[in-house]
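Structure file start_37.cif (mmCIF, C-alpha atoms) is printed below.
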```cif
data_protein
#
loop_
_atom_site.label_atom_id
_atom_site.label_comp_id
_atom_site.auth_asym_id
_atom_site.auth_seq_id
_atom_site.Cartn_x
_atom_site.Cartn_y
_atom_site.Cartn_z
CA VAL A 1 3.07 -27.23 -25.23
CA ASP A 2 2.77 -29.70 -28.12
CA GLU A 3 2.62 -29.31 -31.88
CA ILE A 4 -0.75 -30.47 -33.24
CA ALA A 5 0.07 -30.92 -36.96
CA ALA A 6 3.15 -31.99 -38.87
CA SER A 7 4.56 -30.13 -41.84
CA LEU A 8 3.87 -31.51 -45.29
CA SER A 9 6.40 -31.62 -48.08
CA THR A 10 6.18 -33.20 -51.54
CA PRO A 11 9.00 -33.31 -54.10
CA ALA A 12 6.80 -31.53 -56.65
CA SER A 13 5.41 -28.58 -54.66
CA ASP A 14 7.40 -28.27 -51.45
CA VAL A 15 4.37 -27.01 -49.50
CA HIS A 16 4.80 -26.68 -45.74
CA ILE A 17 2.12 -26.34 -43.07
CA VAL A 18 3.11 -24.57 -39.87
CA PRO A 19 1.80 -26.79 -37.04
CA GLY A 20 -0.61 -25.41 -34.44
CA LEU A 21 -0.07 -25.82 -30.69
CA SER A 22 -1.92 -27.46 -27.84
CA CYS A 23 -1.32 -27.24 -24.09
CA THR A 24 -2.99 -27.94 -20.77
CA ASN A 25 -3.87 -24.45 -19.62
CA ARG A 26 -3.70 -22.98 -16.13
CA PHE A 27 -7.22 -24.21 -15.35
CA GLY A 28 -6.42 -27.81 -16.25
CA ALA A 29 -8.24 -27.76 -19.61
CA THR A 30 -6.76 -28.68 -22.97
CA ASP A 31 -6.32 -25.58 -25.13
CA TYR A 32 -5.53 -25.09 -28.82
CA MET A 33 -4.21 -22.49 -31.21
CA ARG A 34 -4.01 -22.71 -34.99
CA GLY A 35 -2.53 -19.72 -36.78
CA GLU A 36 -1.57 -17.54 -33.82
CA GLU A 37 1.72 -19.47 -33.41
CA THR A 38 2.88 -17.98 -36.73
CA GLN A 39 2.00 -14.46 -35.57
CA ILE A 40 3.83 -15.12 -32.29
CA LEU A 41 6.95 -16.23 -34.16
CA GLY A 42 6.74 -13.06 -36.26
CA ALA A 43 6.16 -10.84 -33.24
CA VAL A 44 9.20 -12.27 -31.46
CA SER A 45 11.33 -11.64 -34.56
CA LEU A 46 10.02 -8.06 -35.01
CA LEU A 47 9.81 -6.78 -31.42
CA LYS A 48 13.07 -6.45 -29.47
CA PRO A 49 11.36 -6.43 -26.02
CA LEU A 50 10.01 -9.95 -26.70
CA GLN A 51 13.52 -11.35 -27.25
CA SER A 52 14.54 -11.32 -23.59
CA GLY A 53 12.90 -12.37 -20.35
CA ARG A 54 9.45 -13.89 -19.87
CA ARG A 55 6.73 -12.01 -21.72
CA LEU A 56 2.96 -11.93 -22.09
CA LEU A 57 1.36 -11.67 -25.53
CA CYS A 58 -2.29 -10.97 -26.17
CA LEU A 59 -3.84 -11.86 -29.54
CA PRO A 60 -7.38 -10.49 -29.33
CA GLY A 61 -10.17 -11.67 -31.63
CA THR A 62 -13.07 -14.11 -31.85
CA HIS A 63 -11.05 -16.43 -29.59
CA THR A 64 -8.51 -14.24 -27.81
CA LYS A 65 -5.22 -15.95 -26.90
CA TRP A 66 -3.08 -15.00 -23.90
CA VAL A 67 0.41 -16.44 -24.39
CA VAL A 68 3.50 -16.65 -22.16
CA VAL A 69 6.77 -16.77 -24.12
CA GLU A 70 10.41 -17.01 -23.06
CA ALA A 71 13.53 -17.28 -25.24
CA GLY A 72 11.39 -17.72 -28.36
CA ARG A 73 9.36 -20.59 -26.87
CA VAL A 74 5.69 -20.70 -25.89
CA LEU A 75 5.46 -21.81 -22.22
CA GLU A 76 1.67 -21.76 -21.84
CA PHE A 77 -1.43 -20.13 -23.29
CA LEU A 78 -5.12 -19.60 -22.60
CA SER A 79 -8.05 -18.96 -24.96
CA ALA A 80 -11.08 -16.77 -24.21
CA PRO A 81 -14.03 -16.47 -26.62
CA THR A 82 -14.30 -12.74 -25.88
CA GLY A 83 -15.01 -11.67 -29.47
CA GLU A 84 -17.54 -14.43 -29.96
CA VAL A 85 -19.39 -13.55 -26.73
CA TYR A 86 -19.44 -9.91 -27.84
CA GLN A 87 -20.73 -10.73 -31.32
CA THR A 88 -23.46 -13.13 -30.15
CA LEU A 89 -24.71 -10.78 -27.40
CA HIS A 90 -24.63 -7.83 -29.82
CA ALA A 91 -26.62 -9.66 -32.49
CA HIS A 92 -28.99 -11.82 -30.45
CA SER A 93 -29.60 -10.42 -26.94
CA VAL A 94 -31.71 -7.56 -25.56
CA LEU A 95 -28.52 -5.85 -24.31
CA VAL A 96 -27.82 -4.07 -27.60
CA ARG A 97 -30.84 -3.04 -29.67
CA ASP A 98 -29.20 -0.66 -32.15
CA MET A 99 -27.69 -3.04 -34.71
CA ASP A 100 -25.52 -0.24 -36.12
CA ALA A 101 -23.93 0.37 -32.71
CA LYS A 102 -20.17 -0.06 -32.84
CA PRO A 103 -17.79 -1.32 -30.13
CA PHE A 104 -15.30 1.37 -31.07
CA GLU A 105 -17.31 4.26 -29.57
CA ARG A 106 -14.34 5.15 -27.39
CA GLU A 107 -16.03 7.18 -24.64
CA ALA A 108 -18.70 4.52 -24.05
CA PHE A 109 -16.03 1.81 -24.22
CA MET A 110 -13.98 3.54 -21.52
CA ARG A 111 -17.10 3.88 -19.33
CA GLY A 112 -17.59 0.10 -19.59
CA VAL A 113 -13.93 -0.47 -18.68
CA ALA A 114 -14.18 1.88 -15.69
CA ALA A 115 -17.45 0.28 -14.51
CA PHE A 116 -15.86 -3.18 -14.57
CA ASN A 117 -12.65 -2.02 -12.89
CA GLN A 118 -14.56 -0.48 -9.96
CA HIS A 119 -15.54 -4.02 -8.89
CA PRO A 120 -12.95 -6.32 -10.48
CA GLN A 121 -13.89 -9.25 -8.19
CA ALA A 122 -17.54 -9.26 -9.31
CA GLN A 123 -18.78 -11.98 -11.64
CA LEU A 124 -19.00 -10.67 -15.22
CA LEU A 125 -22.55 -12.09 -15.46
CA HIS A 126 -23.56 -9.72 -12.64
CA ARG A 127 -22.41 -6.68 -14.64
CA LEU A 128 -23.84 -7.43 -18.11
CA PHE A 129 -27.48 -6.50 -17.40
CA GLU A 130 -26.25 -2.91 -16.86
CA VAL A 131 -25.89 -2.59 -20.63
CA ARG A 132 -29.68 -2.76 -20.81
CA SER A 133 -30.69 -1.09 -17.53
CA ARG A 134 -28.47 1.94 -18.15
CA GLN A 135 -30.31 2.43 -21.47
CA LEU A 136 -33.72 2.15 -19.74
CA LYS A 137 -32.53 4.76 -17.24
CA GLY A 138 -31.23 7.05 -20.02
CA GLU A 139 -27.60 6.89 -18.85
CA LEU A 140 -26.51 5.20 -22.08
CA SER A 141 -27.82 5.79 -25.60
CA ALA A 142 -28.67 2.89 -27.90
CA ALA A 143 -25.64 3.82 -30.03
CA GLU A 144 -23.35 3.69 -26.96
CA ALA A 145 -24.53 0.27 -25.73
CA ALA A 146 -22.14 -1.74 -27.93
CA GLY A 147 -19.13 0.27 -26.77
CA PHE A 148 -20.10 -0.13 -23.09
CA LEU A 149 -20.62 -3.90 -23.56
CA SER A 150 -17.24 -4.15 -25.31
CA GLY A 151 -15.64 -2.25 -22.41
CA LEU A 152 -17.07 -4.64 -19.80
CA LEU A 153 -15.96 -7.72 -21.77
CA ILE A 154 -12.45 -6.51 -22.65
CA ALA A 155 -11.85 -5.25 -19.10
CA SER A 156 -12.83 -8.71 -17.80
CA ASP A 157 -10.59 -10.42 -20.38
CA ASN A 158 -7.71 -8.11 -19.43
CA ALA A 159 -8.26 -8.71 -15.71
CA GLY A 160 -7.74 -12.42 -16.36
CA GLY A 161 -4.71 -11.67 -18.56
CA VAL A 162 -3.09 -9.50 -15.89
CA GLU A 163 -3.75 -12.28 -13.33
CA LEU A 164 -2.04 -14.77 -15.67
CA ALA A 165 0.91 -12.37 -16.03
CA ALA A 166 1.27 -12.21 -12.24
CA LEU A 167 1.06 -16.00 -11.81
CA ALA A 168 3.50 -16.68 -14.68
CA GLY A 169 5.89 -13.91 -13.61
CA THR A 170 6.02 -12.06 -16.92
CA GLN A 171 7.53 -8.62 -17.47
CA THR A 172 5.79 -5.67 -19.08
CA PRO A 173 5.05 -4.34 -21.67
CA VAL A 174 2.36 -6.75 -22.85
CA ALA A 175 2.52 -7.24 -26.64
CA VAL A 176 -0.97 -6.93 -28.18
CA ILE A 177 -1.09 -8.40 -31.71
CA GLY A 178 -4.04 -8.22 -34.08
CA ALA A 179 -6.32 -5.89 -36.01
CA PRO A 180 -5.35 -2.29 -35.07
CA ALA A 181 -8.94 -1.26 -34.19
CA LEU A 182 -9.05 -4.11 -31.66
CA THR A 183 -5.49 -3.92 -30.29
CA SER A 184 -6.06 -0.23 -29.52
CA LEU A 185 -9.07 -1.14 -27.31
CA TYR A 186 -7.03 -3.76 -25.43
CA ALA A 187 -4.16 -1.28 -25.02
CA LEU A 188 -6.57 1.35 -23.61
CA ALA A 189 -8.06 -1.17 -21.18
CA LEU A 190 -4.59 -2.34 -20.06
CA GLU A 191 -3.54 1.30 -19.60
CA ALA A 192 -6.62 1.83 -17.37
CA ARG A 193 -5.14 -0.88 -15.10
CA GLY A 194 -1.69 0.76 -15.23
CA VAL A 195 -0.22 -1.93 -17.49
CA GLY A 196 1.98 -0.83 -20.41
CA SER A 197 1.63 -2.43 -23.83
CA LEU A 198 3.05 -2.53 -27.36
CA GLN A 199 0.76 -2.99 -30.36
CA LEU A 200 1.63 -4.91 -33.53
CA ASP A 201 -0.55 -5.33 -36.62
CA GLY A 202 -1.53 -9.00 -36.87
CA SER A 203 -1.01 -9.25 -40.63
CA LEU A 204 2.54 -7.88 -40.33
CA ALA A 205 3.17 -10.40 -37.56
CA ALA A 206 1.85 -13.28 -39.70
CA LEU A 207 4.02 -12.25 -42.66
CA ALA A 208 7.10 -11.95 -40.46
CA GLY A 209 6.31 -15.38 -38.97
CA LEU A 210 6.01 -17.05 -42.37
CA THR A 211 9.26 -15.35 -43.46
CA ALA A 212 11.01 -16.69 -40.35
CA VAL A 213 9.77 -20.22 -41.11
CA GLN A 214 10.94 -19.94 -44.76
CA ARG A 215 14.37 -18.72 -43.63
CA GLN A 216 14.60 -21.65 -41.21
CA PHE A 217 13.90 -24.07 -44.09
CA GLU A 218 16.56 -22.37 -46.22
CA LEU A 219 19.10 -22.60 -43.38
CA GLU A 220 18.28 -26.28 -42.92
CA GLY A 221 18.58 -26.87 -46.70
CA ALA A 222 21.98 -25.15 -46.73
CA THR A 223 23.52 -27.38 -44.05
CA VAL B 224 -36.10 0.30 -3.93
CA ASP B 225 -38.79 2.23 -5.82
CA GLU B 226 -42.03 1.23 -7.50
CA ILE B 227 -41.88 1.81 -11.25
CA ALA B 228 -45.60 1.78 -12.16
CA ALA B 229 -48.76 2.82 -10.35
CA SER B 230 -51.81 0.63 -10.06
CA LEU B 231 -54.74 1.36 -12.34
CA SER B 232 -58.36 1.28 -11.28
CA THR B 233 -61.49 2.24 -13.20
CA PRO B 234 -65.04 2.23 -11.76
CA ALA B 235 -66.16 -0.14 -14.53
CA SER B 236 -63.51 -2.85 -14.51
CA ASP B 237 -61.50 -2.45 -11.32
CA VAL B 238 -58.29 -3.66 -13.01
CA HIS B 239 -55.09 -3.37 -10.98
CA ILE B 240 -51.49 -3.53 -12.18
CA VAL B 241 -48.89 -4.67 -9.67
CA PRO B 242 -46.01 -2.17 -10.01
CA GLY B 243 -42.48 -3.34 -10.83
CA LEU B 244 -39.45 -2.28 -8.81
CA SER B 245 -36.24 -0.41 -9.51
CA CYS B 246 -33.16 0.06 -7.34
CA THR B 247 -29.53 1.11 -7.53
CA ASN B 248 -27.76 -2.22 -7.26
CA ARG B 249 -24.59 -3.09 -5.37
CA PHE B 250 -22.45 -2.10 -8.37
CA GLY B 251 -23.97 1.37 -8.64
CA ALA B 252 -26.15 0.57 -11.66
CA THR B 253 -29.88 1.08 -11.94
CA ASP B 254 -31.70 -2.25 -11.96
CA TYR B 255 -35.26 -3.26 -12.77
CA MET B 256 -37.73 -6.06 -12.17
CA ARG B 257 -41.21 -6.44 -13.66
CA GLY B 258 -43.14 -9.51 -12.59
CA GLU B 259 -40.72 -11.09 -10.14
CA GLU B 260 -42.01 -8.79 -7.36
CA THR B 261 -45.32 -10.67 -7.48
CA GLN B 262 -43.54 -14.02 -7.20
CA ILE B 263 -41.50 -12.66 -4.28
CA LEU B 264 -44.68 -11.56 -2.49
CA GLY B 265 -46.11 -15.03 -3.06
CA ALA B 266 -42.94 -16.80 -1.92
CA VAL B 267 -42.86 -14.78 1.32
CA SER B 268 -46.51 -15.67 1.99
CA LEU B 269 -45.96 -19.39 1.22
CA LEU B 270 -42.54 -20.10 2.76
CA LYS B 271 -42.21 -19.77 6.54
CA PRO B 272 -38.38 -19.39 6.50
CA LEU B 273 -38.73 -16.20 4.43
CA GLN B 274 -40.94 -14.58 7.09
CA SER B 275 -38.14 -13.89 9.56
CA GLY B 276 -34.63 -12.49 9.31
CA ARG B 277 -32.82 -11.27 6.20
CA ARG B 278 -33.06 -13.70 3.30
CA LEU B 279 -31.71 -14.22 -0.21
CA LEU B 280 -34.04 -15.21 -3.03
CA CYS B 281 -32.92 -16.36 -6.45
CA LEU B 282 -35.33 -16.19 -9.41
CA PRO B 283 -33.41 -17.86 -12.26
CA GLY B 284 -34.35 -17.36 -15.90
CA THR B 285 -33.49 -15.31 -18.97
CA HIS B 286 -32.63 -12.45 -16.59
CA THR B 287 -31.95 -14.05 -13.21
CA LYS B 288 -32.78 -11.88 -10.17
CA TRP B 289 -30.95 -12.13 -6.84
CA VAL B 290 -33.08 -10.44 -4.18
CA VAL B 291 -32.50 -9.55 -0.52
CA VAL B 292 -35.71 -9.42 1.55
CA GLU B 293 -36.41 -8.64 5.20
CA ALA B 294 -39.77 -8.40 7.01
CA GLY B 295 -41.63 -8.71 3.68
CA ARG B 296 -39.70 -5.84 2.07
CA VAL B 297 -37.19 -5.95 -0.82
CA LEU B 298 -33.96 -4.31 0.38
CA GLU B 299 -31.92 -4.67 -2.83
CA PHE B 300 -31.67 -6.81 -5.94
CA LEU B 301 -29.37 -7.59 -8.85
CA SER B 302 -30.10 -8.91 -12.35
CA ALA B 303 -27.85 -11.23 -14.37
CA PRO B 304 -28.67 -12.23 -17.99
CA THR B 305 -27.51 -15.80 -17.31
CA GLY B 306 -30.28 -17.50 -19.28
CA GLU B 307 -29.87 -15.13 -22.20
CA VAL B 308 -26.09 -15.65 -22.33
CA TYR B 309 -26.68 -19.41 -22.23
CA GLN B 310 -29.28 -19.30 -25.00
CA THR B 311 -27.28 -17.04 -27.33
CA LEU B 312 -24.04 -19.01 -26.88
CA HIS B 313 -25.92 -22.30 -27.36
CA ALA B 314 -27.59 -21.15 -30.56
CA HIS B 315 -24.94 -18.93 -32.16
CA SER B 316 -21.40 -19.80 -30.98
CA VAL B 317 -18.95 -22.61 -31.82
CA LEU B 318 -19.08 -23.73 -28.16
CA VAL B 319 -22.14 -25.95 -28.63
CA ARG B 320 -22.53 -27.59 -32.06
CA ASP B 321 -25.22 -30.17 -31.26
CA MET B 322 -28.42 -28.10 -31.41
CA ASP B 323 -30.35 -30.85 -29.62
CA ALA B 324 -27.95 -30.73 -26.66
CA LYS B 325 -29.79 -29.94 -23.42
CA PRO B 326 -28.57 -28.05 -20.35
CA PHE B 327 -30.25 -30.60 -18.11
CA GLU B 328 -27.72 -33.38 -18.78
CA ARG B 329 -27.00 -33.61 -15.07
CA GLU B 330 -23.60 -35.32 -15.07
CA ALA B 331 -22.16 -32.87 -17.64
CA PHE B 332 -23.79 -29.97 -15.76
CA MET B 333 -22.11 -31.04 -12.50
CA ARG B 334 -18.74 -31.33 -14.28
CA GLY B 335 -19.14 -27.71 -15.45
CA VAL B 336 -20.02 -26.63 -11.90
CA ALA B 337 -17.00 -28.48 -10.46
CA ALA B 338 -14.66 -27.04 -13.14
CA PHE B 339 -15.78 -23.49 -12.30
CA ASN B 340 -15.58 -24.04 -8.54
CA GLN B 341 -11.97 -25.26 -8.74
CA HIS B 342 -10.95 -21.71 -9.73
CA PRO B 343 -13.74 -19.45 -8.47
CA GLN B 344 -11.59 -16.30 -8.83
CA ALA B 345 -10.96 -16.84 -12.55
CA GLN B 346 -12.76 -14.68 -15.08
CA LEU B 347 -15.71 -16.58 -16.60
CA LEU B 348 -14.50 -15.57 -20.09
CA HIS B 349 -11.31 -17.53 -19.40
CA ARG B 350 -13.27 -20.72 -18.73
CA LEU B 351 -15.80 -20.71 -21.60
CA PHE B 352 -13.46 -21.88 -24.38
CA GLU B 353 -13.17 -25.19 -22.48
CA VAL B 354 -16.65 -26.07 -23.71
CA ARG B 355 -15.13 -26.31 -27.20
CA SER B 356 -11.61 -27.52 -26.42
CA ARG B 357 -12.83 -30.38 -24.21
CA GLN B 358 -14.91 -31.58 -27.18
CA LEU B 359 -11.90 -31.37 -29.53
CA LYS B 360 -9.93 -33.41 -26.98
CA GLY B 361 -12.73 -35.99 -26.64
CA GLU B 362 -13.34 -35.25 -22.93
CA LEU B 363 -16.87 -34.02 -23.61
CA SER B 364 -19.35 -35.31 -26.18
CA ALA B 365 -21.31 -32.92 -28.41
CA ALA B 366 -24.45 -33.87 -26.46
CA GLU B 367 -22.77 -33.00 -23.14
CA ALA B 368 -21.49 -29.57 -24.21
CA ALA B 369 -24.72 -27.72 -23.36
CA GLY B 370 -24.82 -29.20 -19.85
CA PHE B 371 -21.16 -28.31 -19.22
CA LEU B 372 -21.73 -24.74 -20.49
CA SER B 373 -24.82 -24.43 -18.27
CA GLY B 374 -22.75 -25.67 -15.30
CA LEU B 375 -20.04 -23.03 -15.85
CA LEU B 376 -22.60 -20.22 -16.20
CA ILE B 377 -24.82 -21.19 -13.26
CA ALA B 378 -21.80 -21.79 -11.01
CA SER B 379 -20.56 -18.29 -11.89
CA ASP B 380 -24.02 -16.81 -11.28
CA ASN B 381 -24.23 -18.63 -7.92
CA ALA B 382 -20.71 -17.49 -6.92
CA GLY B 383 -21.91 -13.90 -7.34
CA GLY B 384 -25.13 -14.70 -5.47
CA VAL B 385 -23.25 -16.21 -2.53
CA GLU B 386 -20.98 -13.15 -2.49
CA LEU B 387 -24.07 -10.91 -2.37
CA ALA B 388 -25.44 -13.01 0.50
CA ALA B 389 -22.22 -12.53 2.47
CA LEU B 390 -22.13 -8.76 1.84
CA ALA B 391 -25.84 -8.31 2.67
CA GLY B 392 -25.67 -10.59 5.71
CA THR B 393 -28.50 -12.94 4.70
CA GLN B 394 -29.30 -16.25 6.36
CA THR B 395 -29.64 -19.61 4.59
CA PRO B 396 -31.48 -21.41 3.09
CA VAL B 397 -31.60 -19.50 -0.21
CA ALA B 398 -35.09 -19.63 -1.76
CA VAL B 399 -34.89 -20.53 -5.46
CA ILE B 400 -38.11 -19.67 -7.32
CA GLY B 401 -38.90 -20.53 -10.93
CA ALA B 402 -39.37 -23.36 -13.41
CA PRO B 403 -38.60 -26.64 -11.55
CA ALA B 404 -36.10 -27.87 -14.21
CA LEU B 405 -34.09 -24.68 -13.69
CA THR B 406 -34.44 -24.27 -9.91
CA SER B 407 -33.13 -27.84 -9.48
CA LEU B 408 -29.92 -26.88 -11.37
CA TYR B 409 -29.43 -23.81 -9.18
CA ALA B 410 -30.08 -25.88 -6.04
CA LEU B 411 -27.49 -28.47 -7.16
CA ALA B 412 -24.91 -25.75 -7.86
CA LEU B 413 -25.59 -24.09 -4.49
CA GLU B 414 -25.27 -27.46 -2.76
CA ALA B 415 -21.86 -27.94 -4.46
CA ARG B 416 -20.78 -24.76 -2.61
CA GLY B 417 -22.26 -26.03 0.65
CA VAL B 418 -25.21 -23.62 0.56
CA GLY B 419 -28.67 -24.96 1.45
CA SER B 420 -31.70 -23.96 -0.58
CA LEU B 421 -35.48 -24.29 -0.84
CA GLN B 422 -37.20 -24.57 -4.22
CA LEU B 423 -40.59 -23.12 -5.12
CA ASP B 424 -42.43 -23.42 -8.43
CA GLY B 425 -42.58 -19.95 -10.02
CA SER B 426 -46.19 -20.25 -11.20
CA LEU B 427 -47.35 -21.20 -7.68
CA ALA B 428 -45.42 -18.21 -6.35
CA ALA B 429 -47.03 -15.87 -8.90
CA LEU B 430 -50.52 -17.14 -8.06
CA ALA B 431 -49.90 -16.75 -4.33
CA GLY B 432 -48.58 -13.23 -4.96
CA LEU B 433 -51.64 -12.16 -6.93
CA THR B 434 -53.86 -13.68 -4.23
CA ALA B 435 -52.02 -11.68 -1.58
CA VAL B 436 -52.52 -8.45 -3.57
CA GLN B 437 -56.24 -9.22 -4.03
CA ARG B 438 -56.61 -9.87 -0.29
CA GLN B 439 -54.90 -6.58 0.46
CA PHE B 440 -57.38 -4.72 -1.76
CA GLU B 441 -60.28 -6.46 -0.03
CA LEU B 442 -58.88 -5.53 3.39
CA GLU B 443 -58.49 -1.91 2.27
CA GLY B 444 -62.04 -1.93 0.83
CA ALA B 445 -63.43 -3.30 4.10
CA THR B 446 -61.93 -0.52 6.23
#
```
With the file now loaded, output its structure as structure tokens.
Amino acid sequence: VDEIAASLSTPASDVHIVPGLSCTNRFGATDYMRGEETQILGAVSLLKPLQSGRRLLCLPGTHTKWVVVEAGRVLEFLSAPTGEVYQTLHAHSVLVRDMDAKPFEREAFMRGVAAFNQHPQAQLLHRLFEVRSRQLKGELSAAEAAGFLSGLLIASDNAGGVELAALAGTQTPVAVIGAPALTSLYALALEARGVGSLQLDGSLAALAGLTAVQRQFELEGAT
Amino acid sequence: VDEIAASLSTPASDVHIVPGLSCTNRFGATDYMRGEETQILGAVSLLKPLQSGRRLLCLPGTHTKWVVVEAGRVLEFLSAPTGEVYQTLHAHSVLVRDMDAKPFEREAFMRGVAAFNQHPQAQLLHRLFEVRSRQLKGELSAAEAAGFLSGLLIASDNAGGVELAALAGTQTPVAVIGAPALTSLYALALEARGVGSLQLDGSLAALAGLTAVQRQFELEGAT
């Protein structure tokens, strides 16, 4: 894992930029994060379970990051455009027709999770048309379609995350860091697979990360 | 597999509507086709290899259909919104930024197919961010991004199709029916998995299907 930007400091302003990270991920592709590294630093400083052993972090969002950490260091990570796929299919496909439909309709979300988990080896593409066909059949209302779609996508994302955890040999619980409405969906989907998780608000994590960086600068200035 | 619309006949006009089909697919979801059944009828009448044994047909498009036929009957089918996912991600995500980029850039398409096939068990969502990160790294040009994305998606769709073929016990070659520019991509991706295919132009198949229906009516009228 490499840093992708240097910090910047001028005598007048003393502004610092926390560098992002790049790595070659498990599938041999270059991967990037810019911003999440600060939240990870904050999460490790706030959450005791992350301070020992090898741990898996999940930072869900437009581009979800799955991150393996050990002893305060990032060992590897993997990005998945889960939020972006959800948003584009919601807004621009025939799968969801009710534009007011929300992904946080919990019962429909859990039905999507359960549907995916019944056939976890299936290709995600071979499950997505159900969002439409179940509406045609009357099994799913227009308002429930977004929640069901979100359930399929997050269950697929979590299946890959759990696979990464097994390959990297991480211990549970998984730390899920981000907007509370979203981390709660990931935690529910992980629970449906029998995987325990901790949730941390992403803005608290970012603040704690920036505080940790500031303290590091002060310590360096004092020596 | 059930018919979803009856044919219509009036003394004055003698108009007939070929009914669509519905089934409960392999994942327990209701599935629908409207139009492809006519192409399937045409393909079976035109292509000798489809007239014996149990066969897999692939009708790629906005909503790709994978269809198992035997003795001129549809046994089961499965829809995948592969074309729609491609189109929405191309037009509305950060994965493809060059709006003129085409999926038919063959070399980039084959790189996407090969990348997917190296880790066929991975979740598709965990491979899609590569379309962006490989551009940031300079491994993929903006013009090649669409082809690479198309390769990942079609390889995933084909992996599910080949899995369906194994579970349903169909014989090769797979018949790929549709627009020639698209059937050639599916045939290339199947070949990369060692699966032989035949291609048939979708408009020829539709015409042959309608002709077969007309002949059936004439035969019924003559008896």
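Here atom CA of A:Leu153 is placed at a distance of 10.4 Å from atom CA of A:Tyr186.
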* Distance query stretch 161-165 of chain A at most 10 Å, all atoms listed in the file, self and fewer than 5 positions along chain excluded, as an MDAnalysis selection string -> (chainID A and resid 26 54:58 65:68 77:78 80 155:156 170:172 174 190 193 195) or (chainID B and resid 344:346 349)
* Within 9 Å of chain A: residues of chain B, using all atoms listed in the file, as a ChimeraX atom specification -> /B:250-255,286,301-305,307-308,311-312,315-318,338,341-342,344-353,356-357,359-360,376,379-380,382-384,386
* Asked: How would you write, as a PyMOL selection string, the residues chosen by the PyMOL selection byres ((chain A and resi 198-215) around 9) on this structure?
  -> chain A and resi 18+35-47+59+173-180+183-184+187+196-197+216-220
Save the residues we just selected, C-alpha atoms, as a PDB file, in the coordinates of the input?
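Below you can see selection_9.pdb, which holds the result:
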```
ATOM      1  CA  VAL A  18       3.110 -24.570 -39.870  1.00  0.00           C
ATOM      2  CA  GLY A  35      -2.530 -19.720 -36.780  1.00  0.00           C
ATOM      3  CA  GLU A  36      -1.570 -17.540 -33.820  1.00  0.00           C
ATOM      4  CA  GLU A  37       1.720 -19.470 -33.410  1.00  0.00           C
ATOM      5  CA  THR A  38       2.880 -17.980 -36.730  1.00  0.00           C
ATOM      6  CA  GLN A  39       2.000 -14.460 -35.570  1.00  0.00           C
ATOM      7  CA  ILE A  40       3.830 -15.120 -32.290  1.00  0.00           C
ATOM      8  CA  LEU A  41       6.950 -16.230 -34.160  1.00  0.00           C
ATOM      9  CA  GLY A  42       6.740 -13.060 -36.260  1.00  0.00           C
ATOM     10  CA  ALA A  43       6.160 -10.840 -33.240  1.00  0.00           C
ATOM     11  CA  VAL A  44       9.200 -12.270 -31.460  1.00  0.00           C
ATOM     12  CA  SER A  45      11.330 -11.640 -34.560  1.00  0.00           C
ATOM     13  CA  LEU A  46      10.020  -8.060 -35.010  1.00  0.00           C
ATOM     14  CA  LEU A  47       9.810  -6.780 -31.420  1.00  0.00           C
ATOM     15  CA  LEU A  59      -3.840 -11.860 -29.540  1.00  0.00           C
ATOM     16  CA  PRO A 173       5.050  -4.340 -21.670  1.00  0.00           C
ATOM     17  CA  VAL A 174       2.360  -6.750 -22.850  1.00  0.00           C
ATOM     18  CA  ALA A 175       2.520  -7.240 -26.640  1.00  0.00           C
ATOM     19  CA  VAL A 176      -0.970  -6.930 -28.180  1.00  0.00           C
ATOM     20  CA  ILE A 177      -1.090  -8.400 -31.710  1.00  0.00           C
ATOM     21  CA  GLY A 178      -4.040  -8.220 -34.080  1.00  0.00           C
ATOM     22  CA  ALA A 179      -6.320  -5.890 -36.010  1.00  0.00           C
ATOM     23  CA  PRO A 180      -5.350  -2.290 -35.070  1.00  0.00           C
ATOM     24  CA  THR A 183      -5.490  -3.920 -30.290  1.00  0.00           C
ATOM     25  CA  SER A 184      -6.060  -0.230 -29.520  1.00  0.00           C
ATOM     26  CA  ALA A 187      -4.160  -1.280 -25.020  1.00  0.00           C
ATOM     27  CA  GLY A 196       1.980  -0.830 -20.410  1.00  0.00           C
ATOM     28  CA  SER A 197       1.630  -2.430 -23.830  1.00  0.00           C
ATOM     29  CA  GLN A 216      14.600 -21.650 -41.210  1.00  0.00           C
ATOM     30  CA  PHE A 217      13.900 -24.070 -44.090  1.00  0.00           C
ATOM     31  CA  GLU A 218      16.560 -22.370 -46.220  1.00  0.00           C
ATOM     32  CA  LEU A 219      19.100 -22.600 -43.380  1.00  0.00           C
ATOM     33  CA  GLU A 220      18.280 -26.280 -42.920  1.00  0.00           C
TER      34      GLU A 220
END
```
* Asked: Suppose you want the space between atom CA of A:Gln51 and atom CA of A:Ala189; what is it in Å?
  -> 24.6 Å
* Asked: Which is closer to B:Glu330 than all the others in B:Glu293, B:Glu226, B:Glu367, B:Glu414, using all atoms listed in the file?
  -> B:Glu367
* Asked: Could you work out how far atom CA of B:Ala337 lies from atom CA of B:Ala415, giving the answer in Å with one decimal?
  -> 7.7 Å
Residues at most 9 Å from B:Val224, counting all atoms listed in the file, excluding those fewer than 4 positions away in the same chain, as a compact mmCIF listing (two decimals) with C-alpha atoms, in the coordinates of the input?
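Here's the written file result21.txt:
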```
# COMPACT_ATOMS: atom_id res chain seq x y z
CA LEU B 244 -39.45 -2.28 -8.81
CA SER B 245 -36.24 -0.41 -9.51
CA CYS B 246 -33.16 0.06 -7.34
CA THR B 247 -29.53 1.11 -7.53
CA VAL B 297 -37.19 -5.95 -0.82
CA LEU B 298 -33.96 -4.31 0.38
CA GLU B 299 -31.92 -4.67 -2.83
CA PHE B 300 -31.67 -6.81 -5.94
```
